[in-house]
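Taking it in order: structure first as structure tokens, then the write-up.
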Amino acid sequence: MKKLLSTIIPKILGWYINVKALFSKSAAATQAFLIFCSPRAGRISDEQALFLDPAKYETVTTTKGKKIQVYRWQGDGPTVLLIHGWESNSYRWYRLIEDLKKKDYNILAFDGPAHGYTDGKIFNVPTYASYLELITQRYKPVYHIGHSVGGLSCLFHYYIYRPEHIKKMVVLGAPSELSEIMKDYQAILGLSSRVMNALEELVKTDFGFSFSAFSGAAFAKALDIPGLIIHDTYDEIAPVTASRAIHVQWPKSTFIETEGFGHSLYQDDVREAILRFID
């Protein structure tokens, strides 16, 4: 029944947006955009709070008054900043955090917009990258480690902001092409071409990119630092072809393709590869 409802409800929403577009393309596009950017999960559970609450460091306020929750596990080594993905939070790093603590790294993480303890209802890569810039400039980490959309946000952040103190970057299971993501979104909701064209115009107006121009592989061309890319062959969330394309365009990148690890990429082999790379 749950699976059936999860299929029917998006189609009903899509039908409603398609009808709305007959009267107002802009209103339909706005609603489609808000649904696309609204996470349904990622807030802190009671179990996750037991790990994260003792590490709460401070909240950082954005120019729009949103509070970003920052965590710190203090060490005397280089500073590492961890960037989680969609419908997740800083707890997803708990295994890697324990590994980094053993090596005395200074570890920072933060919850993205509308995730964890951070304010908001809307999440998208440009907004996440602006939060990443705020945190990066405040704490001056040496390494960025991002998972999934967090990894794509790292690529976009470097492309836009060019932080001088980032020496290495790790990108795990990241998507690349917004055009492909939007095709999937269109199919899930059954959105009309009329709605999708209006949605693309909205994205162009608000963020300055067409669907096809918003590309992790294209952003990777700007990276002049060493990078480690890890992606699983059988990832059902983000296709491995995304990381293959990013690797081709990133001159100083190393690519590891795993088999059977899935999208989360929290296994011992993955964490050991990350530690070897940043050491």
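Order determines the names: the first chain of the structure tokens is A, the second B, and so forth; residues in each chain are numbered 1 upward, and ligands are numbered 1 upward as they are shown.
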Out of range 75-180 of chain A, which residues get helix (DSSP H, G or I) from DSSP, as an mmCIF file with C-alpha atoms, in the first residue's frame?
```cif
data_model
loop_
_atom_site.group_PDB
_atom_site.id
_atom_site.type_symbol
_atom_site.label_atom_id
_atom_site.label_comp_id
_atom_site.auth_asym_id
_atom_site.auth_seq_id
_atom_site.Cartn_x
_atom_site.Cartn_y
_atom_site.Cartn_z
ATOM 1 C CA SER A 90 25.880 15.476 9.960
ATOM 2 C CA TYR A 91 25.264 12.133 11.704
ATOM 3 C CA ARG A 92 25.888 10.317 8.412
ATOM 4 C CA TRP A 93 29.595 10.906 9.024
ATOM 5 C CA TYR A 94 29.819 9.246 12.451
ATOM 6 C CA ARG A 95 32.038 6.373 11.306
ATOM 7 C CA LEU A 96 34.452 8.674 9.474
ATOM 8 C CA ILE A 97 34.431 11.105 12.395
ATOM 9 C CA GLU A 98 35.638 8.346 14.724
ATOM 10 C CA ASP A 99 38.435 7.512 12.253
ATOM 11 C CA LEU A 100 39.463 11.155 11.935
ATOM 12 C CA LYS A 101 39.459 11.609 15.712
ATOM 13 C CA LYS A 102 41.979 8.776 16.069
ATOM 14 C CA VAL A 125 22.688 23.337 -4.413
ATOM 15 C CA PRO A 126 23.259 27.115 -4.830
ATOM 16 C CA THR A 127 21.830 27.780 -1.359
ATOM 17 C CA TYR A 128 23.820 24.924 0.156
ATOM 18 C CA ALA A 129 26.981 26.228 -1.534
ATOM 19 C CA SER A 130 26.375 29.692 -0.080
ATOM 20 C CA TYR A 131 26.148 28.116 3.397
ATOM 21 C CA LEU A 132 29.307 26.161 2.644
ATOM 22 C CA GLU A 133 31.076 29.393 1.716
ATOM 23 C CA LEU A 134 30.002 31.028 4.975
ATOM 24 C CA ILE A 135 31.283 28.091 7.025
ATOM 25 C CA THR A 136 34.461 27.755 4.952
ATOM 26 C CA GLN A 137 35.437 31.384 5.330
ATOM 27 C CA ARG A 138 34.714 31.300 9.050
ATOM 28 C CA TYR A 139 36.750 28.188 9.931
ATOM 29 C CA VAL A 149 24.395 16.327 -3.372
ATOM 30 C CA GLY A 150 26.883 17.537 -0.764
ATOM 31 C CA GLY A 151 29.632 16.471 -3.147
ATOM 32 C CA LEU A 152 27.988 18.298 -6.051
ATOM 33 C CA SER A 153 27.664 21.341 -3.789
ATOM 34 C CA CYS A 154 31.408 21.173 -3.084
ATOM 35 C CA LEU A 155 32.136 21.246 -6.820
ATOM 36 C CA PHE A 156 29.733 24.140 -7.377
ATOM 37 C CA HIS A 157 31.137 25.998 -4.361
ATOM 38 C CA TYR A 158 34.704 25.783 -5.636
ATOM 39 C CA TYR A 159 33.580 26.807 -9.140
ATOM 40 C CA ILE A 160 31.776 29.906 -7.837
ATOM 41 C CA TYR A 161 33.833 31.012 -4.837
ATOM 42 C CA LEU A 178 20.819 18.779 -13.453
ATOM 43 C CA SER A 179 19.252 18.056 -16.836
ATOM 44 C CA GLU A 180 19.148 14.332 -15.987
#
```
TODO: Please provide as a list in words all residues within 9 Å of Ile188 in chain A, with the sequence filter that same-chain residues fewer than 4 positions apart are discarded (counting only C-alpha atoms).
DONE: Thr7, Pro10, Lys11, Gly14, Lys183 and Asp184 of chain A
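Closest to Gly216 in chain A among A:Ala174, A:Asp235, A:Lys204, A:Val240 is A:Ala174, based on only C-alpha atoms.
Excluding Ile230 in chain A and any residue on its chain fewer than 3 positions from it, the residues at most 10 Å away by only C-alpha atoms are A:His147, A:Val170, A:Val171, A:Leu172, A:Gly173, A:Ala174, A:Gly227, A:Thr233, A:Val240, A:Ser243, A:Arg244, A:His247, A:Thr254, A:Phe255, A:Ile256, A:Glu257, A:Thr258, A:Leu265, A:Val270, A:Ala273, A:Ile274.
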Show me, as a PDB file with N, CA, C and O atoms, in the first residue's frame, the residues that have an atom within 9 Å of Ile246 in chain A when counting only C-alpha atoms, minus same-chain residues fewer than 2 positions from it.
```
ATOM      1  N   SER A 176      25.715  14.619 -11.207  1.00  0.00           N
ATOM      2  CA  SER A 176      26.419  15.627 -11.986  1.00  0.00           C
ATOM      3  C   SER A 176      25.479  16.535 -12.765  1.00  0.00           C
ATOM      4  O   SER A 176      25.534  17.746 -12.623  1.00  0.00           O
ATOM      5  N   SER A 215      26.137  21.617 -14.257  1.00  0.00           N
ATOM      6  CA  SER A 215      26.788  20.318 -14.457  1.00  0.00           C
ATOM      7  C   SER A 215      27.999  20.180 -13.547  1.00  0.00           C
ATOM      8  O   SER A 215      28.924  20.996 -13.603  1.00  0.00           O
ATOM      9  N   GLY A 216      28.002  19.143 -12.721  1.00  0.00           N
ATOM     10  CA  GLY A 216      29.160  18.880 -11.878  1.00  0.00           C
ATOM     11  C   GLY A 216      30.418  18.656 -12.691  1.00  0.00           C
ATOM     12  O   GLY A 216      31.510  19.084 -12.304  1.00  0.00           O
ATOM     13  N   ALA A 217      30.286  17.985 -13.822  1.00  0.00           N
ATOM     14  CA  ALA A 217      31.445  17.750 -14.691  1.00  0.00           C
ATOM     15  C   ALA A 217      31.992  19.070 -15.223  1.00  0.00           C
ATOM     16  O   ALA A 217      33.202  19.277 -15.276  1.00  0.00           O
ATOM     17  N   ALA A 218      31.108  19.980 -15.596  1.00  0.00           N
ATOM     18  CA  ALA A 218      31.553  21.294 -16.083  1.00  0.00           C
ATOM     19  C   ALA A 218      32.208  22.087 -14.962  1.00  0.00           C
ATOM     20  O   ALA A 218      33.237  22.745 -15.177  1.00  0.00           O
ATOM     21  N   PHE A 219      31.642  22.023 -13.762  1.00  0.00           N
ATOM     22  CA  PHE A 219      32.225  22.736 -12.631  1.00  0.00           C
ATOM     23  C   PHE A 219      33.614  22.189 -12.306  1.00  0.00           C
ATOM     24  O   PHE A 219      34.505  22.931 -11.876  1.00  0.00           O
ATOM     25  N   ALA A 220      33.801  20.881 -12.495  1.00  0.00           N
ATOM     26  CA  ALA A 220      35.069  20.234 -12.138  1.00  0.00           C
ATOM     27  C   ALA A 220      36.242  20.763 -12.961  1.00  0.00           C
ATOM     28  O   ALA A 220      37.393  20.660 -12.525  1.00  0.00           O
ATOM     29  N   LYS A 221      35.962  21.318 -14.132  1.00  0.00           N
ATOM     30  CA  LYS A 221      37.036  21.863 -14.959  1.00  0.00           C
ATOM     31  C   LYS A 221      37.789  22.979 -14.235  1.00  0.00           C
ATOM     32  O   LYS A 221      38.960  23.236 -14.517  1.00  0.00           O
ATOM     33  N   ILE A 229      37.565  10.941  -5.979  1.00  0.00           N
ATOM     34  CA  ILE A 229      36.172  10.666  -6.339  1.00  0.00           C
ATOM     35  C   ILE A 229      35.918   9.178  -6.104  1.00  0.00           C
ATOM     36  O   ILE A 229      36.666   8.334  -6.601  1.00  0.00           O
ATOM     37  N   THR A 241      28.003   6.996 -13.887  1.00  0.00           N
ATOM     38  CA  THR A 241      28.443   7.786 -15.048  1.00  0.00           C
ATOM     39  C   THR A 241      28.685   9.246 -14.666  1.00  0.00           C
ATOM     40  O   THR A 241      29.489   9.935 -15.306  1.00  0.00           O
ATOM     41  N   ALA A 242      27.996   9.719 -13.628  1.00  0.00           N
ATOM     42  CA  ALA A 242      28.196  11.095 -13.178  1.00  0.00           C
ATOM     43  C   ALA A 242      29.624  11.299 -12.699  1.00  0.00           C
ATOM     44  O   ALA A 242      30.308  12.246 -13.108  1.00  0.00           O
ATOM     45  N   SER A 243      30.105  10.410 -11.843  1.00  0.00           N
ATOM     46  CA  SER A 243      31.471  10.553 -11.325  1.00  0.00           C
ATOM     47  C   SER A 243      32.522  10.269 -12.392  1.00  0.00           C
ATOM     48  O   SER A 243      33.609  10.856 -12.372  1.00  0.00           O
ATOM     49  N   ARG A 244      32.207   9.374 -13.310  1.00  0.00           N
ATOM     50  CA  ARG A 244      33.144   9.145 -14.414  1.00  0.00           C
ATOM     51  C   ARG A 244      33.345  10.422 -15.213  1.00  0.00           C
ATOM     52  O   ARG A 244      34.467  10.766 -15.599  1.00  0.00           O
ATOM     53  N   VAL A 248      36.833  12.819 -15.593  1.00  0.00           N
ATOM     54  CA  VAL A 248      37.425  13.184 -16.887  1.00  0.00           C
ATOM     55  C   VAL A 248      37.744  14.680 -16.931  1.00  0.00           C
ATOM     56  O   VAL A 248      38.772  15.104 -17.477  1.00  0.00           O
ATOM     57  N   GLN A 249      36.893  15.489 -16.325  1.00  0.00           N
ATOM     58  CA  GLN A 249      37.054  16.944 -16.404  1.00  0.00           C
ATOM     59  C   GLN A 249      37.907  17.527 -15.275  1.00  0.00           C
ATOM     60  O   GLN A 249      38.310  18.688 -15.353  1.00  0.00           O
ATOM     61  N   TRP A 250      38.191  16.740 -14.255  1.00  0.00           N
ATOM     62  CA  TRP A 250      38.945  17.230 -13.100  1.00  0.00           C
ATOM     63  C   TRP A 250      40.400  16.792 -13.251  1.00  0.00           C
ATOM     64  O   TRP A 250      40.748  15.635 -13.015  1.00  0.00           O
ATOM     65  N   SER A 253      42.295  14.673 -10.353  1.00  0.00           N
ATOM     66  CA  SER A 253      41.453  13.764  -9.585  1.00  0.00           C
ATOM     67  C   SER A 253      41.881  12.314  -9.720  1.00  0.00           C
ATOM     68  O   SER A 253      42.444  11.895 -10.737  1.00  0.00           O
TER      69      SER A 253
END
```
Open item on the list: Show me, as a PyMOL selection string, the residues that have an atom within 8 Å of Lys25 in chain A when counting only C-alpha atoms, minus same-chain residues fewer than 4 positions from it.
Closed with: chain A and resi 20-21+29+194-195+198
TODO: Apply DSSP to the structure's backbone, then extract all residues of range 57-229 of chain A labelled strand (DSSP E or B) and return them as a count of residues only.
DONE: 37
Open item on the list: List the spatial neighbours of Ile107 in chain A as JSON, numbers by chain - criterion: any atom at most 10 Å away, only C-alpha atoms, same-chain residues fewer than 4 positions off excluded.
Closed with: {"A": [71, 72, 73, 74, 75, 76, 77, 78, 79, 80, 81, 82, 97, 98, 100, 101, 141, 143]}
Grab the residues selected above and save them as a PDB file, in the first residue's frame with C-alpha atoms.
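Written output follows (selection.pdb):
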```pdb
ATOM      1  CA  TYR A  71      29.522  20.679  15.075  1.00  0.00           C
ATOM      2  CA  ARG A  72      33.140  20.286  16.134  1.00  0.00           C
ATOM      3  CA  TRP A  73      35.297  17.401  17.301  1.00  0.00           C
ATOM      4  CA  GLN A  74      38.471  19.222  18.259  1.00  0.00           C
ATOM      5  CA  GLY A  75      41.924  18.021  17.298  1.00  0.00           C
ATOM      6  CA  ASP A  76      45.365  19.485  16.750  1.00  0.00           C
ATOM      7  CA  GLY A  77      45.662  18.380  13.120  1.00  0.00           C
ATOM      8  CA  PRO A  78      44.398  20.004   9.899  1.00  0.00           C
ATOM      9  CA  THR A  79      40.743  21.035   9.769  1.00  0.00           C
ATOM     10  CA  VAL A  80      38.361  18.792   7.816  1.00  0.00           C
ATOM     11  CA  LEU A  81      34.863  19.970   6.865  1.00  0.00           C
ATOM     12  CA  LEU A  82      32.194  17.324   6.220  1.00  0.00           C
ATOM     13  CA  ILE A  97      34.431  11.105  12.395  1.00  0.00           C
ATOM     14  CA  GLU A  98      35.638   8.346  14.724  1.00  0.00           C
ATOM     15  CA  LEU A 100      39.463  11.155  11.935  1.00  0.00           C
ATOM     16  CA  LYS A 101      39.459  11.609  15.712  1.00  0.00           C
ATOM     17  CA  PRO A 141      39.231  24.107   6.602  1.00  0.00           C
ATOM     18  CA  TYR A 143      39.844  19.599   3.278  1.00  0.00           C
TER      19      TYR A 143
END
```
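Interatomic distance, CA of Phe33 in chain A against CA of Ala245 in chain A: 26.4 Å.
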TODO: Would you mind reading off the distance between CA of Tyr57 in chain A and CA of Gln69 in chain A, one decimal, in Å?
DONE: 7.8 Å
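Using only C-alpha atoms, the shortest contact distance between Gly65 in chain A and any of A:Glu236, A:Gln48, A:Glu87, A:Gly120 is found at A:Gly120.
You will find CA of Lys140 in chain A at 7.8 Å from CA of Ile166 in chain A.
Checking A:Gln31, A:Pro54, A:Leu228, A:Phe36 one by one against Gln186 in chain A, counting only C-alpha atoms, you find the shortest gap at A:Phe36.
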TODO: Point out the residue among A:Ile145, A:Leu22, A:Ile44, A:Ala28 with the least atom-to-atom distance to Glu201 in chain A, counting only C-alpha atoms.
DONE: A:Ala28
